[in-house]
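Structure below is query-v7.pdb: PDB, C-alpha atoms, pLDDT in the B column.
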```pdb
ATOM      1  CA  MET M  19     106.136-104.375  33.732  1.00 63.00           C
ATOM      2  CA  GLU M  20     104.436-103.511  30.433  1.00 64.00           C
ATOM      3  CA  ARG M  21     102.055-106.459  30.812  1.00 68.00           C
ATOM      4  CA  PHE M  22     101.256-105.339  34.371  1.00 59.00           C
ATOM      5  CA  VAL M  23     100.523-101.781  33.177  1.00 60.00           C
ATOM      6  CA  ARG M  24      98.227-103.081  30.440  1.00 64.00           C
ATOM      7  CA  PHE M  25      96.381-105.236  32.980  1.00 62.00           C
ATOM      8  CA  LEU M  26      95.838-102.310  35.341  1.00 59.00           C
ATOM      9  CA  VAL M  27      94.656 -99.984  32.571  1.00 62.00           C
ATOM     10  CA  ALA M  28      92.224-102.653  31.335  1.00 61.00           C
ATOM     11  CA  LYS M  29      90.966-103.059  34.900  1.00 57.00           C
ATOM     12  CA  VAL M  30      90.281 -99.321  35.215  1.00 59.00           C
ATOM     13  CA  ILE M  31      88.439 -99.245  31.894  1.00 58.00           C
ATOM     14  CA  LEU M  32      86.264-102.248  32.795  1.00 57.00           C
ATOM     15  CA  LEU M  33      85.433-100.815  36.223  1.00 55.00           C
ATOM     16  CA  ALA M  34      84.566 -97.450  34.702  1.00 55.00           C
ATOM     17  CA  LEU M  35      82.358 -99.088  32.083  1.00 51.00           C
ATOM     18  CA  ALA M  36      80.562-101.178  34.693  1.00 50.00           C
ATOM     19  CA  SER M  37      80.006 -98.110  36.851  1.00 48.00           C
ATOM     20  CA  SER M  38      78.738 -96.067  33.932  1.00 47.00           C
ATOM     21  CA  PHE M  39      76.084 -98.633  33.017  1.00 44.00           C
ATOM     22  CA  VAL M  40      74.851 -98.941  36.608  1.00 43.00           C
ATOM     23  CA  THR M  41      75.014 -95.380  37.922  1.00 48.00           C
ATOM     24  CA  CYS M  42      76.025 -93.315  34.918  1.00 49.00           C
ATOM     25  CA  TYR M  43      75.545 -89.561  35.311  1.00 57.00           C
ATOM     26  CA  ASP M  44      75.324 -89.019  31.547  1.00 63.00           C
ATOM     27  CA  PRO M  45      72.011 -89.819  29.816  1.00 62.00           C
ATOM     28  CA  SER M  46      71.675 -93.430  28.695  1.00 65.00           C
ATOM     29  CA  PRO M  47      72.123 -93.843  24.928  1.00 63.00           C
ATOM     30  CA  LEU M  48      69.088 -94.725  22.836  1.00 61.00           C
ATOM     31  CA  GLN M  49      71.116 -96.184  19.969  1.00 69.00           C
ATOM     32  CA  ASP M  50      74.235 -98.330  19.501  1.00 72.00           C
ATOM     33  CA  PHE M  51      76.487 -95.270  19.282  1.00 77.00           C
ATOM     34  CA  CYS M  52      76.449 -91.574  18.463  1.00 79.00           C
ATOM     35  CA  VAL M  53      79.892 -90.671  17.135  1.00 82.00           C
ATOM     36  CA  ALA M  54      80.442 -86.956  17.704  1.00 83.00           C
ATOM     37  CA  VAL M  55      80.881 -84.802  14.625  1.00 80.00           C
ATOM     38  CA  ASP M  56      80.936 -81.052  13.913  1.00 75.00           C
ATOM     39  CA  ASP M  57      78.410 -81.373  11.067  1.00 64.00           C
ATOM     40  CA  VAL M  58      75.419 -79.216  12.055  1.00 61.00           C
ATOM     41  CA  ASN M  59      73.221 -81.308   9.767  1.00 59.00           C
ATOM     42  CA  GLY M  60      73.528 -84.281  12.097  1.00 53.00           C
ATOM     43  CA  VAL M  61      71.364 -85.276  15.048  1.00 54.00           C
ATOM     44  CA  PHE M  62      72.173 -83.351  18.256  1.00 53.00           C
ATOM     45  CA  VAL M  63      72.595 -85.755  21.206  1.00 54.00           C
ATOM     46  CA  ASN M  64      74.187 -85.056  24.606  1.00 56.00           C
ATOM     47  CA  GLY M  65      75.927 -81.868  23.528  1.00 63.00           C
ATOM     48  CA  LYS M  66      77.298 -83.258  20.246  1.00 75.00           C
ATOM     49  CA  PHE M  67      76.062 -83.854  16.727  1.00 81.00           C
ATOM     50  CA  CYS M  68      75.951 -87.503  15.650  1.00 84.00           C
ATOM     51  CA  LYS M  69      77.733 -88.786  12.569  1.00 85.00           C
ATOM     52  CA  ASP M  70      75.564 -90.726  10.158  1.00 84.00           C
ATOM     53  CA  PRO M  71      76.022 -94.368  11.353  1.00 88.00           C
ATOM     54  CA  LYS M  72      76.837 -95.622   7.868  1.00 89.00           C
ATOM     55  CA  TYR M  73      79.957 -93.425   7.853  1.00 90.00           C
ATOM     56  CA  VAL M  74      81.214 -94.550  11.280  1.00 93.00           C
ATOM     57  CA  LYS M  75      84.555 -96.393  11.261  1.00 94.00           C
ATOM     58  CA  ALA M  76      86.880 -98.058  13.763  1.00 96.00           C
ATOM     59  CA  GLU M  77      89.045 -94.929  14.021  1.00 95.00           C
ATOM     60  CA  ASP M  78      86.084 -93.114  15.637  1.00 94.00           C
ATOM     61  CA  PHE M  79      86.542 -95.356  18.684  1.00 95.00           C
ATOM     62  CA  PHE M  80      90.342 -95.229  18.839  1.00 96.00           C
ATOM     63  CA  THR M  81      93.220 -93.091  20.058  1.00 95.00           C
ATOM     64  CA  SER M  82      96.842 -93.741  21.000  1.00 95.00           C
ATOM     65  CA  GLY M  83      99.642 -92.168  22.985  1.00 94.00           C
ATOM     66  CA  LEU M  84      98.877 -93.091  26.590  1.00 94.00           C
ATOM     67  CA  ASN M  85     102.235 -94.840  26.706  1.00 95.00           C
ATOM     68  CA  ILE M  86     103.922 -91.419  26.423  1.00 96.00           C
ATOM     69  CA  ALA M  87     104.675 -89.539  29.638  1.00 96.00           C
ATOM     70  CA  GLY M  88     103.194 -86.071  29.979  1.00 96.00           C
ATOM     71  CA  ASN M  89     105.311 -82.965  30.563  1.00 97.00           C
ATOM     72  CA  THR M  90     105.449 -82.243  34.304  1.00 97.00           C
ATOM     73  CA  MET M  91     107.614 -79.111  34.010  1.00 96.00           C
ATOM     74  CA  ASN M  92     104.976 -76.739  35.375  1.00 95.00           C
ATOM     75  CA  ARG M  93     104.012 -75.044  38.649  1.00 93.00           C
ATOM     76  CA  VAL M  94     102.266 -78.117  40.090  1.00 96.00           C
ATOM     77  CA  GLY M  95     104.623 -80.802  38.795  1.00 97.00           C
ATOM     78  CA  SER M  96     101.980 -82.940  37.120  1.00 98.00           C
ATOM     79  CA  ASN M  97     100.331 -83.493  33.766  1.00 98.00           C
ATOM     80  CA  VAL M  98      96.886 -84.885  32.929  1.00 97.00           C
ATOM     81  CA  THR M  99      96.418 -86.499  29.514  1.00 97.00           C
ATOM     82  CA  ASN M 100      92.688 -86.675  28.766  1.00 94.00           C
ATOM     83  CA  VAL M 101      90.947 -89.303  26.684  1.00 94.00           C
ATOM     84  CA  ASN M 102      87.421 -87.912  26.498  1.00 88.00           C
ATOM     85  CA  VAL M 103      84.826 -87.320  23.804  1.00 87.00           C
ATOM     86  CA  ASP M 104      87.025 -84.614  22.267  1.00 87.00           C
ATOM     87  CA  LYS M 105      89.781 -87.196  21.762  1.00 91.00           C
ATOM     88  CA  ILE M 106      87.585 -90.200  20.863  1.00 93.00           C
ATOM     89  CA  PRO M 107      84.366 -89.060  19.126  1.00 92.00           C
ATOM     90  CA  GLY M 108      82.830 -92.501  19.660  1.00 91.00           C
ATOM     91  CA  LEU M 109      82.652 -91.858  23.416  1.00 89.00           C
ATOM     92  CA  ASN M 110      79.689 -89.550  22.847  1.00 87.00           C
ATOM     93  CA  THR M 111      76.676 -90.772  24.928  1.00 85.00           C
ATOM     94  CA  LEU M 112      78.675 -93.711  26.372  1.00 88.00           C
ATOM     95  CA  GLY M 113      79.246 -92.115  29.777  1.00 88.00           C
ATOM     96  CA  VAL M 114      82.923 -92.966  30.278  1.00 92.00           C
ATOM     97  CA  SER M 115      86.381 -91.429  29.759  1.00 94.00           C
ATOM     98  CA  LEU M 116      89.979 -92.021  30.801  1.00 96.00           C
ATOM     99  CA  VAL M 117      93.022 -90.008  31.894  1.00 97.00           C
ATOM    100  CA  ARG M 118      96.718 -90.631  32.399  1.00 98.00           C
ATOM    101  CA  ILE M 119      98.305 -88.582  35.196  1.00 98.00           C
ATOM    102  CA  ASP M 120     102.078 -88.100  35.414  1.00 98.00           C
ATOM    103  CA  PHE M 121     103.752 -86.733  38.538  1.00 98.00           C
ATOM    104  CA  ALA M 122     107.260 -85.446  39.104  1.00 98.00           C
ATOM    105  CA  PRO M 123     108.683 -86.065  42.603  1.00 98.00           C
ATOM    106  CA  GLY M 124     106.733 -83.750  44.901  1.00 97.00           C
ATOM    107  CA  GLY M 125     104.268 -82.961  42.113  1.00 98.00           C
ATOM    108  CA  GLN M 126     100.547 -82.836  42.714  1.00 98.00           C
ATOM    109  CA  ASN M 127      97.207 -82.821  40.985  1.00 98.00           C
ATOM    110  CA  PRO M 128      95.902 -79.981  43.168  1.00 97.00           C
ATOM    111  CA  PRO M 129      92.504 -79.964  44.892  1.00 98.00           C
ATOM    112  CA  HIS M 130      89.811 -80.075  42.236  1.00 98.00           C
ATOM    113  CA  THR M 131      86.401 -81.532  41.506  1.00 97.00           C
ATOM    114  CA  HIS M 132      84.657 -83.225  38.586  1.00 96.00           C
ATOM    115  CA  PRO M 133      81.057 -81.937  38.540  1.00 94.00           C
ATOM    116  CA  ARG M 134      79.785 -84.723  36.292  1.00 92.00           C
ATOM    117  CA  ALA M 135      81.733 -87.862  37.194  1.00 94.00           C
ATOM    118  CA  THR M 136      82.953 -90.296  39.804  1.00 96.00           C
ATOM    119  CA  GLU M 137      86.636 -91.161  39.340  1.00 97.00           C
ATOM    120  CA  ILE M 138      88.379 -94.493  39.918  1.00 98.00           C
ATOM    121  CA  LEU M 139      92.186 -94.318  39.930  1.00 98.00           C
ATOM    122  CA  VAL M 140      94.828 -97.039  39.751  1.00 98.00           C
ATOM    123  CA  LEU M 141      98.485 -96.322  40.513  1.00 98.00           C
ATOM    124  CA  VAL M 142     100.972 -97.916  38.109  1.00 98.00           C
ATOM    125  CA  GLU M 143     104.286 -96.423  39.241  1.00 98.00           C
ATOM    126  CA  GLY M 144     105.517 -94.523  42.303  1.00 98.00           C
ATOM    127  CA  THR M 145     103.822 -93.569  45.558  1.00 98.00           C
ATOM    128  CA  LEU M 146     100.834 -91.225  45.850  1.00 98.00           C
ATOM    129  CA  LEU M 147      99.019 -89.618  48.744  1.00 98.00           C
ATOM    130  CA  VAL M 148      95.396 -89.226  47.616  1.00 98.00           C
ATOM    131  CA  GLY M 149      92.211 -88.088  49.262  1.00 98.00           C
ATOM    132  CA  PHE M 150      88.853 -86.370  49.042  1.00 98.00           C
ATOM    133  CA  VAL M 151      86.788 -84.184  51.348  1.00 98.00           C
ATOM    134  CA  SER M 152      83.118 -84.906  51.950  1.00 97.00           C
ATOM    135  CA  SER M 153      80.359 -82.283  51.836  1.00 96.00           C
ATOM    136  CA  ASN M 154      79.312 -79.809  54.529  1.00 96.00           C
ATOM    137  CA  GLN M 155      76.499 -82.192  55.500  1.00 96.00           C
ATOM    138  CA  ASP M 156      79.153 -84.771  56.381  1.00 96.00           C
ATOM    139  CA  ASN M 157      81.274 -82.226  58.297  1.00 97.00           C
ATOM    140  CA  ASN M 158      83.905 -81.998  55.549  1.00 97.00           C
ATOM    141  CA  ARG M 159      85.691 -85.196  56.546  1.00 97.00           C
ATOM    142  CA  LEU M 160      88.983 -86.022  54.835  1.00 98.00           C
ATOM    143  CA  PHE M 161      89.331 -89.555  53.420  1.00 98.00           C
ATOM    144  CA  SER M 162      92.984 -90.100  52.571  1.00 98.00           C
ATOM    145  CA  LYS M 163      95.300 -92.985  51.694  1.00 98.00           C
ATOM    146  CA  VAL M 164      98.864 -93.609  50.535  1.00 98.00           C
ATOM    147  CA  LEU M 165      98.833 -95.671  47.331  1.00 98.00           C
ATOM    148  CA  TYR M 166     101.432 -98.043  45.921  1.00 98.00           C
ATOM    149  CA  PRO M 167     101.547 -99.684  42.466  1.00 98.00           C
ATOM    150  CA  GLY M 168      98.423-101.759  41.925  1.00 98.00           C
ATOM    151  CA  ASP M 169      96.348 -99.868  44.507  1.00 98.00           C
ATOM    152  CA  VAL M 170      92.968 -98.418  43.503  1.00 98.00           C
ATOM    153  CA  PHE M 171      91.073 -95.467  45.018  1.00 98.00           C
ATOM    154  CA  VAL M 172      87.655 -93.975  44.243  1.00 98.00           C
ATOM    155  CA  PHE M 173      86.717 -90.279  44.317  1.00 98.00           C
ATOM    156  CA  PRO M 174      82.915 -89.811  44.502  1.00 96.00           C
ATOM    157  CA  ILE M 175      81.246 -87.466  42.046  1.00 95.00           C
ATOM    158  CA  GLY M 176      81.534 -83.780  42.919  1.00 95.00           C
ATOM    159  CA  MET M 177      83.898 -84.268  45.893  1.00 97.00           C
ATOM    160  CA  ILE M 178      87.007 -82.083  46.146  1.00 98.00           C
ATOM    161  CA  HIS M 179      89.991 -84.411  45.783  1.00 98.00           C
ATOM    162  CA  PHE M 180      93.738 -84.428  45.167  1.00 98.00           C
ATOM    163  CA  GLN M 181      96.779 -86.593  44.452  1.00 98.00           C
ATOM    164  CA  VAL M 182     100.356 -85.861  45.576  1.00 98.00           C
ATOM    165  CA  ASN M 183     103.556 -87.715  44.696  1.00 98.00           C
ATOM    166  CA  VAL M 184     105.178 -88.411  48.066  1.00 98.00           C
ATOM    167  CA  GLY M 185     107.873 -90.663  46.616  1.00 97.00           C
ATOM    168  CA  ARG M 186     111.349 -89.917  45.345  1.00 97.00           C
ATOM    169  CA  THR M 187     110.669 -91.029  41.769  1.00 97.00           C
ATOM    170  CA  ASN M 188     108.141 -90.168  39.091  1.00 98.00           C
ATOM    171  CA  ALA M 189     104.626 -91.531  39.540  1.00 98.00           C
ATOM    172  CA  VAL M 190     102.076 -92.612  36.933  1.00 98.00           C
ATOM    173  CA  ALA M 191      98.367 -93.261  37.434  1.00 98.00           C
ATOM    174  CA  PHE M 192      95.413 -93.999  35.182  1.00 98.00           C
ATOM    175  CA  ALA M 193      91.855 -93.063  36.063  1.00 98.00           C
ATOM    176  CA  GLY M 194      88.453 -93.894  34.620  1.00 97.00           C
ATOM    177  CA  LEU M 195      85.639 -91.340  34.922  1.00 96.00           C
ATOM    178  CA  GLY M 196      81.909 -91.955  34.636  1.00 93.00           C
ATOM    179  CA  SER M 197      81.221 -89.298  32.015  1.00 90.00           C
ATOM    180  CA  GLN M 198      82.242 -88.681  28.423  1.00 85.00           C
ATOM    181  CA  ASN M 199      83.139 -85.140  29.531  1.00 85.00           C
ATOM    182  CA  PRO M 200      83.512 -85.037  33.345  1.00 91.00           C
ATOM    183  CA  GLY M 201      84.676 -81.432  33.570  1.00 91.00           C
ATOM    184  CA  THR M 202      87.326 -80.188  35.998  1.00 95.00           C
ATOM    185  CA  ILE M 203      87.200 -77.293  38.453  1.00 97.00           C
ATOM    186  CA  THR M 204      90.603 -76.624  40.046  1.00 97.00           C
ATOM    187  CA  ILE M 205      89.736 -74.899  43.308  1.00 97.00           C
ATOM    188  CA  ALA M 206      92.574 -72.382  43.561  1.00 96.00           C
ATOM    189  CA  ASP M 207      92.340 -71.419  39.877  1.00 95.00           C
ATOM    190  CA  ALA M 208      88.564 -71.002  40.036  1.00 96.00           C
ATOM    191  CA  VAL M 209      88.499 -69.003  43.291  1.00 97.00           C
ATOM    192  CA  PHE M 210      91.523 -66.756  42.796  1.00 96.00           C
ATOM    193  CA  GLY M 211      91.733 -66.694  39.012  1.00 96.00           C
ATOM    194  CA  SER M 212      88.119 -66.262  37.902  1.00 95.00           C
ATOM    195  CA  LYS M 213      87.263 -63.950  35.006  1.00 94.00           C
ATOM    196  CA  PRO M 214      86.375 -61.342  36.112  1.00 95.00           C
ATOM    197  CA  LEU M 215      87.961 -61.619  39.556  1.00 96.00           C
ATOM    198  CA  ILE M 216      85.834 -62.060  42.645  1.00 97.00           C
ATOM    199  CA  MET M 217      85.957 -58.974  44.870  1.00 97.00           C
ATOM    200  CA  PRO M 218      88.957 -59.358  47.242  1.00 97.00           C
ATOM    201  CA  GLU M 219      86.835 -58.309  50.216  1.00 97.00           C
ATOM    202  CA  ILE M 220      84.500 -61.264  49.639  1.00 97.00           C
ATOM    203  CA  LEU M 221      87.324 -63.791  49.547  1.00 97.00           C
ATOM    204  CA  ALA M 222      89.111 -62.142  52.475  1.00 97.00           C
ATOM    205  CA  LYS M 223      86.062 -62.694  54.658  1.00 98.00           C
ATOM    206  CA  ALA M 224      85.355 -66.184  53.320  1.00 97.00           C
ATOM    207  CA  PHE M 225      88.921 -67.409  53.883  1.00 97.00           C
ATOM    208  CA  GLN M 226      89.597 -65.222  56.930  1.00 97.00           C
ATOM    209  CA  LEU M 227      92.599 -63.609  55.222  1.00 97.00           C
ATOM    210  CA  ASP M 228      93.966 -60.102  55.016  1.00 97.00           C
ATOM    211  CA  VAL M 229      92.609 -58.458  51.876  1.00 97.00           C
ATOM    212  CA  ASN M 230      96.150 -57.770  50.654  1.00 97.00           C
ATOM    213  CA  VAL M 231      96.907 -61.490  50.758  1.00 97.00           C
ATOM    214  CA  VAL M 232      93.850 -62.099  48.571  1.00 97.00           C
ATOM    215  CA  ARG M 233      94.967 -59.402  46.138  1.00 97.00           C
ATOM    216  CA  PHE M 234      98.376 -61.093  45.924  1.00 96.00           C
ATOM    217  CA  LEU M 235      96.778 -64.482  45.243  1.00 96.00           C
ATOM    218  CA  GLU M 236      94.428 -63.056  42.624  1.00 96.00           C
ATOM    219  CA  ALA M 237      97.330 -61.326  40.894  1.00 95.00           C
ATOM    220  CA  ARG M 238      99.229 -64.612  40.918  1.00 93.00           C
ATOM    221  CA  PHE M 239      96.432 -66.829  39.620  1.00 93.00           C
ATOM    222  CA  SER M 240      95.025 -64.363  37.091  1.00 88.00           C
ATOM    223  CA  SER M 241      98.446 -63.796  35.467  1.00 78.00           C
ATOM    224  CA  ASN M 242     100.411 -66.163  33.276  1.00 56.00           C
ATOM    225  CA  TYR M 243     101.544 -68.029  36.386  1.00 56.00           C
ATOM    226  CA  LYS M 244     101.167 -71.609  35.194  1.00 49.00           C
TER     227      LYS M 244
END
```
Mind turning this structure into structure tokens?
Amino acid sequence: MERFVRFLVAKVILLALASSFVTCYDPSPLQDFCVAVDDVNGVFVNGKFCKDPKYVKAEDFFTSGLNIAGNTMNRVGSNVTNVNVDKIPGLNTLGVSLVRIDFAPGGQNPPHTHPRATEILVLVEGTLLVGFVSSNQDNNRLFSKVLYPGDVFVFPIGMIHFQVNVGRTNAVAFAGLGSQNPGTITIADAVFGSKPLIMPEILAKAFQLDVNVVRFLEARFSSNYK
């Protein structure tokens, strides 16, 4: 099983790397690497300062811990472990990152979008219902599929998408993203938990809800309800 997991993770990384070099959303690097550093005396590239190349070491391209399950004891029953430029400084300018997603039975990675990256996901354990919704120009079509271990699904850049554990056991997936820092906008949190809050009357009309329902949702999402 461990060898199978390693194979699938390697497959995701290779696919993400290939995608990033062909259609990468991040700017193409103009040097071998630009290891991110907080030193303001460095060269500023792609939102980060670059470490002097002569001080770069193997540890700048390394992290560990993706073999450890994330804590799913929360309101959505899932946990996303990010491996982005903040975790591996050497990812700066390389246009790729990785996540591990753990799901409790019935848990979900709720509808969200990555504004700067396409995502390619491989399921390692369990059973997931996944899908994304196309844009208004495409009549908001839902593309959905039930995944089993070894299955792969792609979420195009900017599309609202989700994953739900529809099995009776825990589920684990790994996903590659075509950006060093893809960003995440969770729809419910952004709409009903913005700071400051959007006027309830606006959301009531947009979602065709009673304004008191919107006030309840805003109170829920703007509190410590996590």
(request) Apply the PyMOL selection byres ((chain M and resi 148) around 6) to the file shown and report the selected residues as a list in words. (result)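 Applying the PyMOL selection byres ((chain M and resi 148) around 6) to the structure shown produces Leu147, Gly149, Ser162, Lys163, Phe180 and Gln181 of chain M.
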Keeping C-alpha atoms, export the residues of the selection given above as a PDB file, keeping the file's coordinate frame.
```pdb
ATOM      1  CA  LEU M 147      99.019 -89.618  48.744  1.00 98.00           C
ATOM      2  CA  GLY M 149      92.211 -88.088  49.262  1.00 98.00           C
ATOM      3  CA  SER M 162      92.984 -90.100  52.571  1.00 98.00           C
ATOM      4  CA  LYS M 163      95.300 -92.985  51.694  1.00 98.00           C
ATOM      5  CA  PHE M 180      93.738 -84.428  45.167  1.00 98.00           C
ATOM      6  CA  GLN M 181      96.779 -86.593  44.452  1.00 98.00           C
TER       7      GLN M 181
END
```
(message) Restricting the calculation to all atoms listed in the file: of M:Asp56, M:Glu137, M:Asp78, M:Asp70, which residue gets closest to Gly196 of chain M?
(response)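 Smallest separation from Gly196 of chain M among the options: M:Glu137.
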(request) Give me the result of the PyMOL selection byres ((chain M and resi 210) around 7) on this file, residue by residue, as a PyMOL selection string. (result) chain M and resi 206-209+211-212+235-236+239
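Between atom CA of Pro200 of chain M and atom CA of Thr136 of chain M the interatomic distance comes to 8.3 Å.
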For the file shown, report as an mmCIF file with C-alpha atoms, in the frame of the given file the outcome of the PyMOL selection byres ((chain M and resi 188) around 9) at residue level.
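expr_22.cif was written with the following content:
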```
data_model
loop_
_atom_site.group_PDB
_atom_site.id
_atom_site.type_symbol
_atom_site.label_atom_id
_atom_site.label_comp_id
_atom_site.auth_asym_id
_atom_site.auth_seq_id
_atom_site.Cartn_x
_atom_site.Cartn_y
_atom_site.Cartn_z
ATOM 1 C CA ASP M 120 102.078 -88.100 35.414
ATOM 2 C CA PHE M 121 103.752 -86.733 38.538
ATOM 3 C CA ALA M 122 107.260 -85.446 39.104
ATOM 4 C CA PRO M 123 108.683 -86.065 42.603
ATOM 5 C CA GLY M 124 106.733 -83.750 44.901
ATOM 6 C CA GLY M 125 104.268 -82.961 42.113
ATOM 7 C CA GLU M 143 104.286 -96.423 39.241
ATOM 8 C CA GLY M 144 105.517 -94.523 42.303
ATOM 9 C CA THR M 145 103.822 -93.569 45.558
ATOM 10 C CA ASN M 183 103.556 -87.715 44.696
ATOM 11 C CA GLY M 185 107.873 -90.663 46.616
ATOM 12 C CA ARG M 186 111.349 -89.917 45.345
ATOM 13 C CA THR M 187 110.669 -91.029 41.769
ATOM 14 C CA ALA M 189 104.626 -91.531 39.540
ATOM 15 C CA VAL M 190 102.076 -92.612 36.933
#
```
